[in-house]
file input34.pdb (PDB, C-alpha atoms)
ATOM      1  CA  MET A  29    -117.162 -40.792 -34.703
ATOM      2  CA  LYS A  30    -117.037 -41.887 -38.322
ATOM      3  CA  TYR A  31    -115.038 -44.825 -39.664
ATOM      4  CA  VAL A  32    -113.475 -45.975 -42.922
ATOM      5  CA  ARG A  33    -112.363 -49.387 -44.052
ATOM      6  CA  TYR A  34    -108.675 -49.919 -43.361
ATOM      7  CA  GLY A  35    -107.073 -50.718 -46.699
ATOM      8  CA  LYS A  36    -108.518 -53.847 -48.217
ATOM      9  CA  THR A  37    -108.976 -55.519 -44.841
ATOM     10  CA  ALA A  38    -112.117 -56.244 -42.822
ATOM     11  CA  SER A  39    -110.932 -53.819 -40.126
ATOM     12  CA  PHE A  40    -112.193 -50.259 -39.740
ATOM     13  CA  VAL A  41    -110.421 -47.192 -38.388
ATOM     14  CA  SER A  42    -111.748 -43.869 -37.141
ATOM     15  CA  VAL A  43    -111.466 -40.897 -39.503
ATOM     16  CA  LEU A  44    -109.540 -39.147 -36.726
ATOM     17  CA  ALA A  45    -106.456 -40.922 -35.374
ATOM     18  CA  PHE A  46    -104.657 -39.932 -32.183
ATOM     19  CA  GLY A  47    -101.113 -38.731 -32.888
ATOM     20  CA  ALA A  48     -98.692 -39.299 -30.022
ATOM     21  CA  MET A  49     -95.855 -37.113 -31.304
ATOM     22  CA  THR A  50     -96.542 -34.551 -28.554
ATOM     23  CA  LEU A  51     -96.106 -37.121 -25.773
ATOM     24  CA  GLY A  52     -92.840 -36.952 -23.806
ATOM     25  CA  GLU A  53     -91.396 -34.527 -21.292
ATOM     26  CA  LYS A  54     -87.990 -34.323 -22.994
ATOM     27  CA  ASN A  55     -89.754 -32.413 -25.777
ATOM     28  CA  ARG A  56     -86.693 -32.724 -28.043
ATOM     29  CA  TRP A  57     -88.479 -31.418 -31.128
ATOM     30  CA  LYS A  58     -90.368 -28.597 -29.330
ATOM     31  CA  LEU A  59     -93.712 -30.155 -30.214
ATOM     32  CA  GLY A  60     -95.504 -30.846 -26.975
ATOM     33  CA  GLY A  61     -93.854 -31.923 -23.738
ATOM     34  CA  VAL A  62     -96.996 -33.798 -22.660
ATOM     35  CA  THR A  63     -96.707 -35.529 -19.262
ATOM     36  CA  GLN A  64     -97.924 -39.037 -18.434
ATOM     37  CA  ASP A  65    -100.907 -37.737 -16.488
ATOM     38  CA  LEU A  66    -102.018 -35.541 -19.386
ATOM     39  CA  SER A  67    -101.366 -38.371 -21.829
ATOM     40  CA  ASP A  68    -103.697 -40.626 -19.824
ATOM     41  CA  LYS A  69    -106.445 -37.997 -19.910
ATOM     42  CA  MET A  70    -106.074 -37.287 -23.625
ATOM     43  CA  VAL A  71    -106.031 -40.957 -24.633
ATOM     44  CA  LYS A  72    -109.142 -41.622 -22.539
ATOM     45  CA  ALA A  73    -110.910 -38.647 -24.113
ATOM     46  CA  ALA A  74    -109.928 -39.861 -27.580
ATOM     47  CA  PHE A  75    -111.084 -43.403 -26.818
ATOM     48  CA  ASP A  76    -114.377 -42.168 -25.365
ATOM     49  CA  ALA A  77    -114.895 -40.142 -28.551
ATOM     50  CA  GLY A  78    -114.537 -43.308 -30.650
ATOM     51  CA  ILE A  79    -110.953 -43.033 -31.866
ATOM     52  CA  ASN A  80    -109.490 -46.511 -32.377
ATOM     53  CA  LEU A  81    -106.175 -45.760 -34.138
ATOM     54  CA  TYR A  82    -103.194 -44.423 -32.139
ATOM     55  CA  ASP A  83    -100.016 -43.456 -33.975
ATOM     56  CA  THR A  84     -96.468 -43.068 -32.640
ATOM     57  CA  ALA A  85     -92.871 -43.815 -33.687
ATOM     58  CA  ASP A  86     -89.703 -45.144 -32.080
ATOM     59  CA  VAL A  87     -87.965 -41.780 -32.570
ATOM     60  CA  TYR A  88     -90.666 -39.593 -30.997
ATOM     61  CA  ASP A  89     -89.083 -37.984 -27.920
ATOM     62  CA  GLU A  90     -86.368 -40.667 -28.028
ATOM     63  CA  GLY A  91     -88.850 -43.470 -27.408
ATOM     64  CA  ASP A  92     -90.712 -41.822 -24.533
ATOM     65  CA  SER A  93     -93.778 -41.298 -26.728
ATOM     66  CA  GLU A  94     -94.130 -45.073 -27.125
ATOM     67  CA  ILE A  95     -93.693 -45.584 -23.380
ATOM     68  CA  MET A  96     -96.365 -43.020 -22.494
ATOM     69  CA  LEU A  97     -98.795 -44.217 -25.145
ATOM     70  CA  GLY A  98     -98.354 -47.822 -24.044
ATOM     71  CA  ARG A  99     -99.240 -46.924 -20.464
ATOM     72  CA  SER A 100    -102.177 -44.734 -21.456
ATOM     73  CA  ILE A 101    -103.655 -47.239 -23.902
ATOM     74  CA  LYS A 102    -103.299 -50.294 -21.651
ATOM     75  CA  PRO A 103    -106.953 -50.304 -20.411
ATOM     76  CA  TYR A 104    -108.218 -50.337 -24.008
ATOM     77  CA  ARG A 105    -105.527 -52.363 -25.752
ATOM     78  CA  ASP A 106    -107.694 -55.030 -27.374
ATOM     79  CA  GLN A 107    -110.206 -52.459 -28.644
ATOM     80  CA  VAL A 108    -107.764 -50.229 -30.505
ATOM     81  CA  MET A 109    -105.036 -50.348 -33.122
ATOM     82  CA  ILE A 110    -101.542 -49.084 -32.323
ATOM     83  CA  ALA A 111     -99.357 -47.867 -35.170
ATOM     84  CA  THR A 112     -95.636 -47.216 -34.822
ATOM     85  CA  LYS A 113     -92.704 -46.800 -37.184
ATOM     86  CA  VAL A 114     -89.161 -47.901 -37.965
ATOM     87  CA  ARG A 115     -86.340 -46.297 -39.960
ATOM     88  CA  GLY A 116     -85.141 -43.287 -37.976
ATOM     89  CA  ARG A 117     -81.899 -43.106 -36.000
ATOM     90  CA  THR A 118     -82.295 -44.587 -32.510
ATOM     91  CA  GLY A 119     -78.661 -44.513 -31.345
ATOM     92  CA  ASN A 120     -75.087 -43.645 -32.272
ATOM     93  CA  GLY A 121     -74.179 -46.977 -33.852
ATOM     94  CA  ILE A 122     -73.589 -47.137 -37.598
ATOM     95  CA  ASN A 123     -76.489 -49.579 -38.039
ATOM     96  CA  GLU A 124     -78.930 -47.942 -35.633
ATOM     97  CA  SER A 125     -80.883 -46.480 -38.534
ATOM     98  CA  GLY A 126     -82.465 -47.546 -41.808
ATOM     99  CA  LEU A 127     -84.403 -50.534 -43.073
ATOM    100  CA  SER A 128     -81.872 -53.345 -42.701
ATOM    101  CA  ARG A 129     -83.043 -56.633 -41.176
ATOM    102  CA  HIS A 130     -80.598 -55.956 -38.346
ATOM    103  CA  HIS A 131     -82.007 -52.543 -37.415
ATOM    104  CA  MET A 132     -85.658 -53.407 -38.042
ATOM    105  CA  SER A 133     -85.449 -56.510 -35.838
ATOM    106  CA  ILE A 134     -83.905 -54.651 -32.918
ATOM    107  CA  ALA A 135     -86.180 -51.643 -33.385
ATOM    108  CA  LEU A 136     -89.362 -53.735 -33.337
ATOM    109  CA  ARG A 137     -88.262 -55.586 -30.197
ATOM    110  CA  LYS A 138     -87.586 -52.310 -28.410
ATOM    111  CA  SER A 139     -90.854 -50.747 -29.614
ATOM    112  CA  LEU A 140     -92.792 -53.707 -28.256
ATOM    113  CA  GLU A 141     -90.986 -53.358 -24.947
ATOM    114  CA  ARG A 142     -91.680 -49.632 -24.685
ATOM    115  CA  LEU A 143     -95.316 -50.013 -25.713
ATOM    116  CA  ASP A 144     -95.626 -52.982 -23.337
ATOM    117  CA  THR A 145     -97.538 -54.977 -25.928
ATOM    118  CA  LYS A 146     -97.048 -58.306 -27.669
ATOM    119  CA  TRP A 147     -97.940 -56.999 -31.106
ATOM    120  CA  VAL A 148     -98.197 -53.866 -33.223
ATOM    121  CA  ASP A 149    -101.334 -53.493 -35.303
ATOM    122  CA  VAL A 150     -99.768 -51.228 -37.962
ATOM    123  CA  TYR A 151     -95.996 -51.230 -38.465
ATOM    124  CA  GLN A 152     -94.802 -48.516 -40.839
ATOM    125  CA  TYR A 153     -91.551 -47.902 -42.650
ATOM    126  CA  HIS A 154     -90.988 -44.311 -41.525
ATOM    127  CA  GLY A 155     -89.328 -43.366 -44.798
ATOM    128  CA  TRP A 156     -87.238 -44.624 -47.680
ATOM    129  CA  ASP A 157     -83.741 -45.988 -47.029
ATOM    130  CA  VAL A 158     -81.506 -45.042 -49.960
ATOM    131  CA  HIS A 159     -79.116 -47.840 -48.968
ATOM    132  CA  GLY A 160     -81.859 -50.437 -48.551
ATOM    133  CA  GLU A 161     -83.084 -53.190 -50.817
ATOM    134  CA  PHE A 162     -86.736 -54.081 -51.320
ATOM    135  CA  GLU A 163     -86.058 -57.771 -50.810
ATOM    136  CA  GLU A 164     -84.446 -57.248 -47.410
ATOM    137  CA  PHE A 165     -87.015 -55.019 -45.779
ATOM    138  CA  LEU A 166     -89.993 -56.769 -47.383
ATOM    139  CA  SER A 167     -88.887 -60.217 -46.229
ATOM    140  CA  THR A 168     -88.106 -58.841 -42.774
ATOM    141  CA  MET A 169     -91.582 -57.343 -42.462
ATOM    142  CA  GLU A 170     -93.132 -60.589 -43.650
ATOM    143  CA  HIS A 171     -91.209 -62.439 -40.939
ATOM    144  CA  PHE A 172     -92.700 -60.047 -38.363
ATOM    145  CA  VAL A 173     -96.192 -60.787 -39.687
ATOM    146  CA  ASP A 174     -95.640 -64.557 -39.712
ATOM    147  CA  SER A 175     -94.312 -64.376 -36.144
ATOM    148  CA  GLY A 176     -97.404 -62.526 -34.907
ATOM    149  CA  TYR A 177     -95.551 -59.321 -33.979
ATOM    150  CA  VAL A 178     -97.167 -57.236 -36.737
ATOM    151  CA  ILE A 179    -100.712 -57.433 -38.067
ATOM    152  CA  TYR A 180    -100.675 -54.908 -40.916
ATOM    153  CA  PRO A 181     -97.549 -53.632 -42.738
ATOM    154  CA  ALA A 182     -97.636 -50.005 -43.902
ATOM    155  CA  VAL A 183     -95.437 -47.176 -45.170
ATOM    156  CA  SER A 184     -94.829 -43.483 -44.602
ATOM    157  CA  ASN A 185     -93.105 -40.822 -46.712
ATOM    158  CA  PHE A 186     -92.576 -43.106 -49.728
ATOM    159  CA  THR A 187     -92.756 -41.964 -53.344
ATOM    160  CA  ALA A 188     -95.305 -43.480 -55.713
ATOM    161  CA  TRP A 189     -92.750 -45.587 -57.592
ATOM    162  CA  GLN A 190     -91.400 -46.982 -54.326
ATOM    163  CA  MET A 191     -94.885 -47.877 -53.122
ATOM    164  CA  ALA A 192     -95.824 -49.408 -56.467
ATOM    165  CA  THR A 193     -92.703 -51.585 -56.605
ATOM    166  CA  MET A 194     -93.068 -52.638 -52.959
ATOM    167  CA  GLN A 195     -96.756 -53.553 -53.220
ATOM    168  CA  ALA A 196     -96.302 -55.444 -56.478
ATOM    169  CA  MET A 197     -93.407 -57.448 -55.016
ATOM    170  CA  ALA A 198     -95.361 -58.201 -51.845
ATOM    171  CA  VAL A 199     -98.408 -59.443 -53.725
ATOM    172  CA  ASP A 200     -96.282 -61.433 -56.211
ATOM    173  CA  ARG A 201     -94.510 -63.231 -53.359
ATOM    174  CA  GLY A 202     -97.691 -63.915 -51.406
ATOM    175  CA  TYR A 203     -96.629 -61.536 -48.629
ATOM    176  CA  ALA A 204     -99.033 -59.472 -46.562
ATOM    177  CA  ARG A 205    -100.318 -56.416 -48.417
ATOM    178  CA  TYR A 206     -99.380 -52.902 -47.364
ATOM    179  CA  GLU A 207    -102.667 -51.396 -46.266
ATOM    180  CA  SER A 208    -101.912 -47.726 -45.603
ATOM    181  CA  ALA A 209     -99.505 -44.902 -46.269
ATOM    182  CA  GLN A 210     -98.936 -42.083 -43.811
ATOM    183  CA  MET A 211     -98.189 -38.963 -45.819
ATOM    184  CA  ASN A 212     -98.133 -35.208 -45.298
ATOM    185  CA  TYR A 213    -101.472 -34.012 -46.656
ATOM    186  CA  SER A 214    -103.409 -30.839 -45.951
ATOM    187  CA  LEU A 215    -104.964 -27.847 -47.644
ATOM    188  CA  LEU A 216    -101.433 -26.394 -47.752
ATOM    189  CA  ASN A 217     -99.776 -29.452 -49.275
ATOM    190  CA  ARG A 218    -101.673 -31.579 -51.779
ATOM    191  CA  ASP A 219     -98.564 -32.926 -53.553
ATOM    192  CA  VAL A 220     -99.601 -36.565 -52.980
ATOM    193  CA  GLU A 221    -102.561 -36.012 -55.300
ATOM    194  CA  TYR A 222    -100.185 -36.091 -58.290
ATOM    195  CA  GLU A 223     -99.089 -39.727 -58.087
ATOM    196  CA  VAL A 224     -99.414 -41.209 -54.592
ATOM    197  CA  ILE A 225    -103.184 -40.990 -54.066
ATOM    198  CA  PRO A 226    -104.031 -42.427 -57.529
ATOM    199  CA  LEU A 227    -101.717 -45.331 -56.757
ATOM    200  CA  MET A 228    -103.327 -45.829 -53.347
ATOM    201  CA  ARG A 229    -106.796 -45.850 -54.879
ATOM    202  CA  TYR A 230    -105.643 -48.516 -57.340
ATOM    203  CA  TRP A 231    -104.358 -50.698 -54.485
ATOM    204  CA  ASN A 232    -107.225 -49.854 -52.084
ATOM    205  CA  MET A 233    -104.869 -48.373 -49.509
ATOM    206  CA  THR A 234    -105.855 -45.935 -46.756
ATOM    207  CA  LEU A 235    -104.227 -42.508 -46.520
ATOM    208  CA  LEU A 236    -103.245 -41.415 -42.998
ATOM    209  CA  SER A 237    -102.604 -37.676 -43.084
ATOM    210  CA  TRP A 238     -99.817 -36.427 -40.841
ATOM    211  CA  SER A 239     -99.816 -32.741 -39.921
ATOM    212  CA  PRO A 240    -103.326 -32.168 -41.341
ATOM    213  CA  LEU A 241    -103.235 -28.662 -39.784
ATOM    214  CA  HIS A 242     -99.824 -28.087 -41.351
ATOM    215  CA  GLY A 243     -97.933 -27.483 -38.146
ATOM    216  CA  GLY A 244    -100.701 -25.234 -36.836
ATOM    217  CA  VAL A 245    -100.708 -22.812 -39.792
ATOM    218  CA  LEU A 246    -104.296 -23.821 -40.629
ATOM    219  CA  THR A 247    -105.457 -23.011 -37.092
ATOM    220  CA  GLY A 248    -105.110 -19.293 -37.783
ATOM    221  CA  LYS A 249    -102.535 -18.686 -35.067
ATOM    222  CA  TYR A 250     -99.973 -17.391 -37.587
ATOM    223  CA  ARG A 251    -100.339 -14.327 -39.783
ATOM    224  CA  ARG A 252     -99.130 -13.361 -43.226
ATOM    225  CA  GLY A 253     -95.878 -11.368 -42.932
ATOM    226  CA  GLU A 254     -95.569 -11.821 -39.157
ATOM    227  CA  LYS A 255     -92.879 -13.764 -37.318
ATOM    228  CA  PRO A 256     -94.362 -16.666 -35.276
ATOM    229  CA  ARG A 257     -94.532 -15.696 -31.605
ATOM    230  CA  GLU A 258     -92.821 -17.578 -28.788
ATOM    231  CA  GLY A 259     -94.909 -20.302 -27.182
ATOM    232  CA  THR A 260     -96.278 -21.528 -30.513
ATOM    233  CA  ARG A 261     -94.898 -24.584 -32.293
ATOM    234  CA  MET A 262     -93.372 -22.626 -35.154
ATOM    235  CA  GLY A 263     -92.206 -19.850 -32.825
ATOM    236  CA  ASP A 264     -90.368 -22.328 -30.595
ATOM    237  CA  ARG A 265     -88.832 -24.146 -33.563
ATOM    238  CA  GLY A 266     -87.938 -20.972 -35.457
ATOM    239  CA  PHE A 267     -89.226 -22.101 -38.856
ATOM    240  CA  PHE A 268     -92.331 -23.391 -40.619
ATOM    241  CA  PHE A 269     -92.518 -27.167 -40.920
ATOM    242  CA  PRO A 270     -93.940 -28.690 -42.990
ATOM    243  CA  TYR A 271     -92.887 -26.139 -45.570
ATOM    244  CA  PHE A 272     -95.473 -24.499 -47.798
ATOM    245  CA  ASP A 273     -95.653 -21.998 -50.634
ATOM    246  CA  GLU A 274     -96.179 -18.750 -48.746
ATOM    247  CA  THR A 275     -96.866 -16.815 -51.967
ATOM    248  CA  ARG A 276    -100.240 -18.568 -52.260
ATOM    249  CA  GLY A 277    -100.554 -20.427 -48.951
ATOM    250  CA  TRP A 278    -101.886 -17.462 -47.001
ATOM    251  CA  ASP A 279    -104.766 -17.201 -49.492
ATOM    252  CA  VAL A 280    -105.680 -20.754 -48.486
ATOM    253  CA  VAL A 281    -105.589 -19.744 -44.813
ATOM    254  CA  ASP A 282    -107.859 -16.776 -45.548
ATOM    255  CA  GLU A 283    -110.401 -19.016 -47.293
ATOM    256  CA  VAL A 284    -110.384 -21.490 -44.403
ATOM    257  CA  LYS A 285    -111.131 -18.581 -42.071
ATOM    258  CA  LYS A 286    -114.107 -17.517 -44.218
ATOM    259  CA  VAL A 287    -115.556 -21.037 -44.253
ATOM    260  CA  ALA A 288    -115.065 -21.329 -40.479
ATOM    261  CA  GLU A 289    -117.027 -18.115 -39.954
ATOM    262  CA  GLU A 290    -119.825 -19.411 -42.185
ATOM    263  CA  GLN A 291    -119.915 -22.736 -40.337
ATOM    264  CA  GLY A 292    -119.660 -21.173 -36.881
ATOM    265  CA  CYS A 293    -116.671 -23.371 -36.043
ATOM    266  CA  THR A 294    -112.895 -23.050 -35.819
ATOM    267  CA  MET A 295    -110.404 -23.042 -38.673
ATOM    268  CA  SER A 296    -108.864 -26.263 -37.359
ATOM    269  CA  GLN A 297    -112.205 -28.013 -37.594
ATOM    270  CA  VAL A 298    -112.683 -26.851 -41.191
ATOM    271  CA  ALA A 299    -109.222 -28.083 -42.230
ATOM    272  CA  LEU A 300    -109.826 -31.487 -40.624
ATOM    273  CA  ALA A 301    -113.378 -31.755 -41.998
ATOM    274  CA  TRP A 302    -111.997 -31.121 -45.508
ATOM    275  CA  ILE A 303    -109.651 -34.110 -45.198
ATOM    276  CA  ILE A 304    -112.457 -36.269 -43.818
ATOM    277  CA  SER A 305    -114.660 -35.235 -46.765
ATOM    278  CA  LYS A 306    -112.046 -36.759 -49.080
ATOM    279  CA  GLY A 307    -112.326 -40.161 -47.375
ATOM    280  CA  HIS A 308    -108.940 -39.984 -45.637
ATOM    281  CA  VAL A 309    -107.852 -40.292 -42.001
ATOM    282  CA  ALA A 310    -106.507 -37.209 -40.209
ATOM    283  CA  ILE A 311    -103.954 -37.767 -37.440
ATOM    284  CA  ILE A 312    -104.561 -35.202 -34.713
ATOM    285  CA  GLY A 313    -101.951 -34.251 -32.116
ATOM    286  CA  ALA A 314    -102.456 -31.916 -29.177
ATOM    287  CA  ARG A 315    -100.517 -30.179 -26.424
ATOM    288  CA  ASN A 316    -103.516 -29.885 -24.114
ATOM    289  CA  MET A 317    -107.084 -31.033 -23.600
ATOM    290  CA  GLU A 318    -108.541 -27.899 -25.177
ATOM    291  CA  GLN A 319    -106.771 -28.537 -28.483
ATOM    292  CA  LEU A 320    -107.802 -32.193 -28.418
ATOM    293  CA  GLN A 321    -111.462 -31.432 -27.750
ATOM    294  CA  GLU A 322    -111.490 -28.820 -30.521
ATOM    295  CA  ASN A 323    -110.081 -31.323 -33.009
ATOM    296  CA  LEU A 324    -112.486 -34.070 -31.923
ATOM    297  CA  GLU A 325    -115.419 -31.817 -32.767
ATOM    298  CA  SER A 326    -114.340 -31.666 -36.413
ATOM    299  CA  VAL A 327    -116.324 -34.851 -37.143
ATOM    300  CA  ASN A 328    -119.486 -32.831 -36.493
ATOM    301  CA  VAL A 329    -118.631 -30.198 -39.107
ATOM    302  CA  ASN A 330    -120.472 -30.939 -42.347
ATOM    303  CA  LEU A 331    -118.986 -28.790 -45.064
ATOM    304  CA  LYS A 332    -121.332 -27.779 -47.871
ATOM    305  CA  ARG A 333    -120.415 -28.902 -51.388
ATOM    306  CA  GLU A 334    -119.886 -25.265 -52.382
ATOM    307  CA  GLN A 335    -117.502 -24.733 -49.438
ATOM    308  CA  ILE A 336    -115.488 -27.843 -50.329
ATOM    309  CA  GLU A 337    -115.253 -26.648 -53.933
ATOM    310  CA  ARG A 338    -113.978 -23.238 -52.791
ATOM    311  CA  LEU A 339    -111.335 -24.848 -50.603
ATOM    312  CA  ASP A 340    -110.408 -27.170 -53.474
ATOM    313  CA  ARG A 341    -109.959 -24.266 -55.877
ATOM    314  CA  VAL A 342    -107.858 -22.022 -53.669
ATOM    315  CA  SER A 343    -105.528 -24.884 -52.678
ATOM    316  CA  ASP A 344    -105.444 -26.773 -55.981
ATOM    317  CA  ASN A 345    -102.155 -27.951 -57.453
ATOM    318  CA  ARG A 346    -100.940 -26.888 -60.864
ATOM    319  CA  ASP A 347    -101.243 -29.778 -63.311
ATOM    320  CA  ILE A 348     -97.831 -31.260 -64.096
ATOM    321  CA  TYR A 349     -96.693 -33.344 -67.031
ATOM    322  CA  PRO A 350     -97.626 -36.069 -67.895
ATOM    323  CA  ASN A 351    -100.778 -35.605 -65.777
ATOM    324  CA  TRP A 352    -102.149 -32.793 -67.958
ATOM    325  CA  MET A 353    -101.481 -34.847 -71.086
ATOM    326  CA  VAL A 354    -103.287 -37.873 -69.639
ATOM    327  CA  LYS A 355    -106.280 -35.669 -68.782
ATOM    328  CA  ARG A 356    -106.251 -34.108 -72.264
ATOM    329  CA  GLN A 357    -106.040 -37.440 -74.098
ATOM    330  CA  ASN A 358    -108.814 -38.997 -72.038
ATOM    331  CA  GLY A 359    -111.200 -36.084 -72.452
ATOM    332  CA  ASP A 360    -112.797 -37.650 -75.530
ATOM    333  CA  ARG A 361    -114.949 -40.021 -73.457
ATOM    334  CA  ASN A 362    -117.429 -37.399 -72.302
ATOM    335  CA  PHE A 363    -120.450 -39.730 -72.126
ATOM    336  CA  GLU A 364    -121.924 -40.991 -68.855
ATOM    337  CA  ILE A 365    -120.399 -44.238 -67.653
ATOM    338  CA  VAL A 366    -122.448 -46.292 -65.177
ATOM    339  CA  SER A 367    -120.083 -48.137 -62.847
TER     340      SER A 367
END
call {"tool": "encode", "arguments": {"input": "input34.pdb", "output": "structure tokens"}}
result
Amino acid sequence: MKYVRYGKTASFVSVLAFGAMTLGEKNRWKLGGVTQDLSDKMVKAAFDAGINLYDTADVYDEGDSEIMLGRSIKPYRDQVMIATKVRGRTGNGINESGLSRHHMSIALRKSLERLDTKWVDVYQYHGWDVHGEFEEFLSTMEHFVDSGYVIYPAVSNFTAWQMATMQAMAVDRGYARYESAQMNYSLLNRDVEYEVIPLMRYWNMTLLSWSPLHGGVLTGKYRRGEKPREGTRMGDRGFFFPYFDETRGWDVVDEVKKVAEEQGCTMSQVALAWIISKGHVAIIGARNMEQLQENLESVNVNLKREQIERLDRVSDNRDIYPNWMVKRQNGDRNFEIVS
């Protein structure tokens, strides 16, 4: 296993994180239906492989994902970091959603109960609350940190301006920094490279990539112009999620396949190795042991510079304004700068 520094802290996390979204027999979102016995086996395999970051959320399979992960991780609790999230709807009450102090306080208590732990290592806002106020959810998170319930605050699915405002306010008030952002990032969706990743580099934050295989599209199981078959994630759900630009996305899939053939590995391993090559963490989820073992092997795939450049080119974003203007105006310093 390989590791990266977690944010600006003295902690380190594995470049592959275990995603627990597939855990839970209710299988409400048609993503996994993993049983407790299989969860135990997968978590042990992940731990034995060196994975030390395990990600879940209070809304995954209506809380059952947290319950299963808590049971499976119990033998290794002090050696790993558990990440969970708050924001999603957890009940029918008007306030059982969002980033209010009321909901966050109840949600954290219930997450701790389900995980059967006294603390959460990484507690993430699961998304922006359009009715929320920075002051309320920042001060609530700081209270969790001061009380010993949360070690590292983090975010997920925030825009760059939201993250910038939040981090600046936290630092200005002497609050705990936000050390990571969990964002959708893959060869089929590099949108965060416009604004979010530059911001994260400035603040020394770690990117946790959710759906690094883009819902399985980068595994090669789906074909251009064909309807996803039953038994696959997209076939069971009836649509592609995350969404991607199918007019150029299948060209990306084709290039991944070529690189996989050159490397003598699977397409999944190429897609994960590409994210690792960028210095980010890829969150891997699996329905069975075979998928998990395949994903674990991605750390042993060493992409050549030329292969990375090919993947970069075929999946590259179009420059948007003002990014292209910034690049143009700063092109005059073409001398070597020794950092």
call {"tool": "resolve_selection", "arguments": {"input": "input34.pdb", "expression": "the PyMOL selection byres ((chain A and resi 247) around 10)", "output": "ChimeraX atom specification"}}
result
/A:241-246,248-250,281,284-285,294-299
call {"tool": "closest_residue", "arguments": {"input": "input34.pdb", "among": "A:Glu364, A:Leu320, A:Tyr88, A:Trp302", "to": "Trp57 of chain A", "atoms": "all atoms listed in the file"}}
result
A:Tyr88
call {"tool": "residues_near_point", "arguments": {"input": "input34.pdb", "point": "(-89.3, -58.8, -39.6)", "cutoff": "7 Å", "atoms": "only C-alpha atoms", "output": "list in words"}}
result
Arg129, Met132, Ser133, Ser167, Thr168, Met169, Glu170, His171 and Phe172 of chain A
call {"tool": "residues_around", "arguments": {"input": "input34.pdb", "residues": "segment 109-122 of chain A", "least_positions_apart": "5", "cutoff": "7 Å", "atoms": "all atoms listed in the file", "output": "compact mmCIF listing (two decimals) with C-alpha atoms, in the coordinates of the input"}}
result
# COMPACT_ATOMS: atom_id res chain seq x y z
CA ASN A 80 -109.49 -46.51 -32.38
CA LEU A 81 -106.18 -45.76 -34.14
CA TYR A 82 -103.19 -44.42 -32.14
CA ASP A 83 -100.02 -43.46 -33.98
CA THR A 84 -96.47 -43.07 -32.64
CA ALA A 85 -92.87 -43.82 -33.69
CA ASP A 86 -89.70 -45.14 -32.08
CA VAL A 87 -87.96 -41.78 -32.57
CA LEU A 127 -84.40 -50.53 -43.07
CA MET A 132 -85.66 -53.41 -38.04
CA ALA A 135 -86.18 -51.64 -33.38
CA VAL A 148 -98.20 -53.87 -33.22
CA ASP A 149 -101.33 -53.49 -35.30
CA VAL A 150 -99.77 -51.23 -37.96
CA TYR A 151 -96.00 -51.23 -38.47
CA GLN A 152 -94.80 -48.52 -40.84
CA TYR A 153 -91.55 -47.90 -42.65
CA HIS A 154 -90.99 -44.31 -41.52
CA GLY A 155 -89.33 -43.37 -44.80
call {"tool": "resolve_selection", "arguments": {"input": "input34.pdb", "expression": "the PyMOL selection byres ((chain A and resi 101) around 12)", "output": "PyMOL selection string"}}
result
chain A and resi 46+48+64+67-76+79-83+93-100+102-110+143-145
call {"tool": "resolve_selection", "arguments": {"input": "input34.pdb", "expression": "the PyMOL selection byres ((chain A and resi 209) around 9)", "output": "list in words"}}
result
Gln152, Ala182, Val183, Ser184, Asn185, Phe186, Met191, Tyr206, Glu207, Ser208, Gln210, Met211, Met228, Met233, Thr234, Leu235, Leu236 and Ser237 of chain A
call {"tool": "axis_aligned_box", "arguments": {"input": "input34.pdb", "around": "segment 95-103 of chain A", "padding_each_side": "3 Å", "output": "lines of an AutoDock Vina configuration file"}}
result
center_x = -100.3
center_y = -46.7
center_z = -22.8
size_x = 19.3
size_y = 13.3
size_z = 10.7
call {"tool": "closest_residue", "arguments": {"input": "input34.pdb", "among": "A:Ala301, A:Gln195, A:Asn351, A:Asp340", "to": "Leu324 of chain A", "atoms": "only C-alpha atoms"}}
result
A:Ala301
call {"tool": "residues_around", "arguments": {"input": "input34.pdb", "residues": "Ile348 of chain A", "least_positions_apart": "4", "cutoff": "9 Å", "atoms": "all atoms listed in the file", "output": "ChimeraX atom specification"}}
result
/A:222,352-353
call {"tool": "atom_distance", "arguments": {"input": "input34.pdb", "atom1": "atom CA of Tyr31 of chain A", "atom2": "atom CA of Leu44 of chain A"}}
result
8.4 Å
call {"tool": "atom_distance", "arguments": {"input": "input34.pdb", "atom1": "atom CA of Glu223 of chain A", "atom2": "atom CA of Val366 of chain A"}}
result
25.3 Å
call {"tool": "closest_residue", "arguments": {"input": "input34.pdb", "among": "A:Gly359, A:Leu136, A:Pro270, A:Tyr213", "to": "Ile304 of chain A", "atoms": "only C-alpha atoms"}}
result
A:Tyr213
call {"tool": "closest_residue", "arguments": {"input": "input34.pdb", "among": "A:Asn358, A:Thr193, A:Ser125, A:Gln335", "to": "Gln291 of chain A", "atoms": "all atoms listed in the file"}}
result
A:Gln335
call {"tool": "residues_around", "arguments": {"input": "input34.pdb", "residues": "Asn323 of chain A", "least_positions_apart": "4", "cutoff": "9 Å", "atoms": "all atoms listed in the file", "output": "list of chain:residue names"}}
result
A:Leu44, A:Ser296, A:Gln297, A:Leu300, A:Ile312, A:Gly313, A:Ala314, A:Glu318, A:Gln319, A:Val327
call {"tool": "atom_distance", "arguments": {"input": "input34.pdb", "atom1": "atom CA of His131 of chain A", "atom2": "atom CA of Phe165 of chain A"}}
result
10.1 Å
call {"tool": "closest_residue", "arguments": {"input": "input34.pdb", "among": "A:Lys58, A:Asn316, A:Arg201, A:Val43", "to": "Glu258 of chain A", "atoms": "all atoms listed in the file"}}
result
A:Lys58
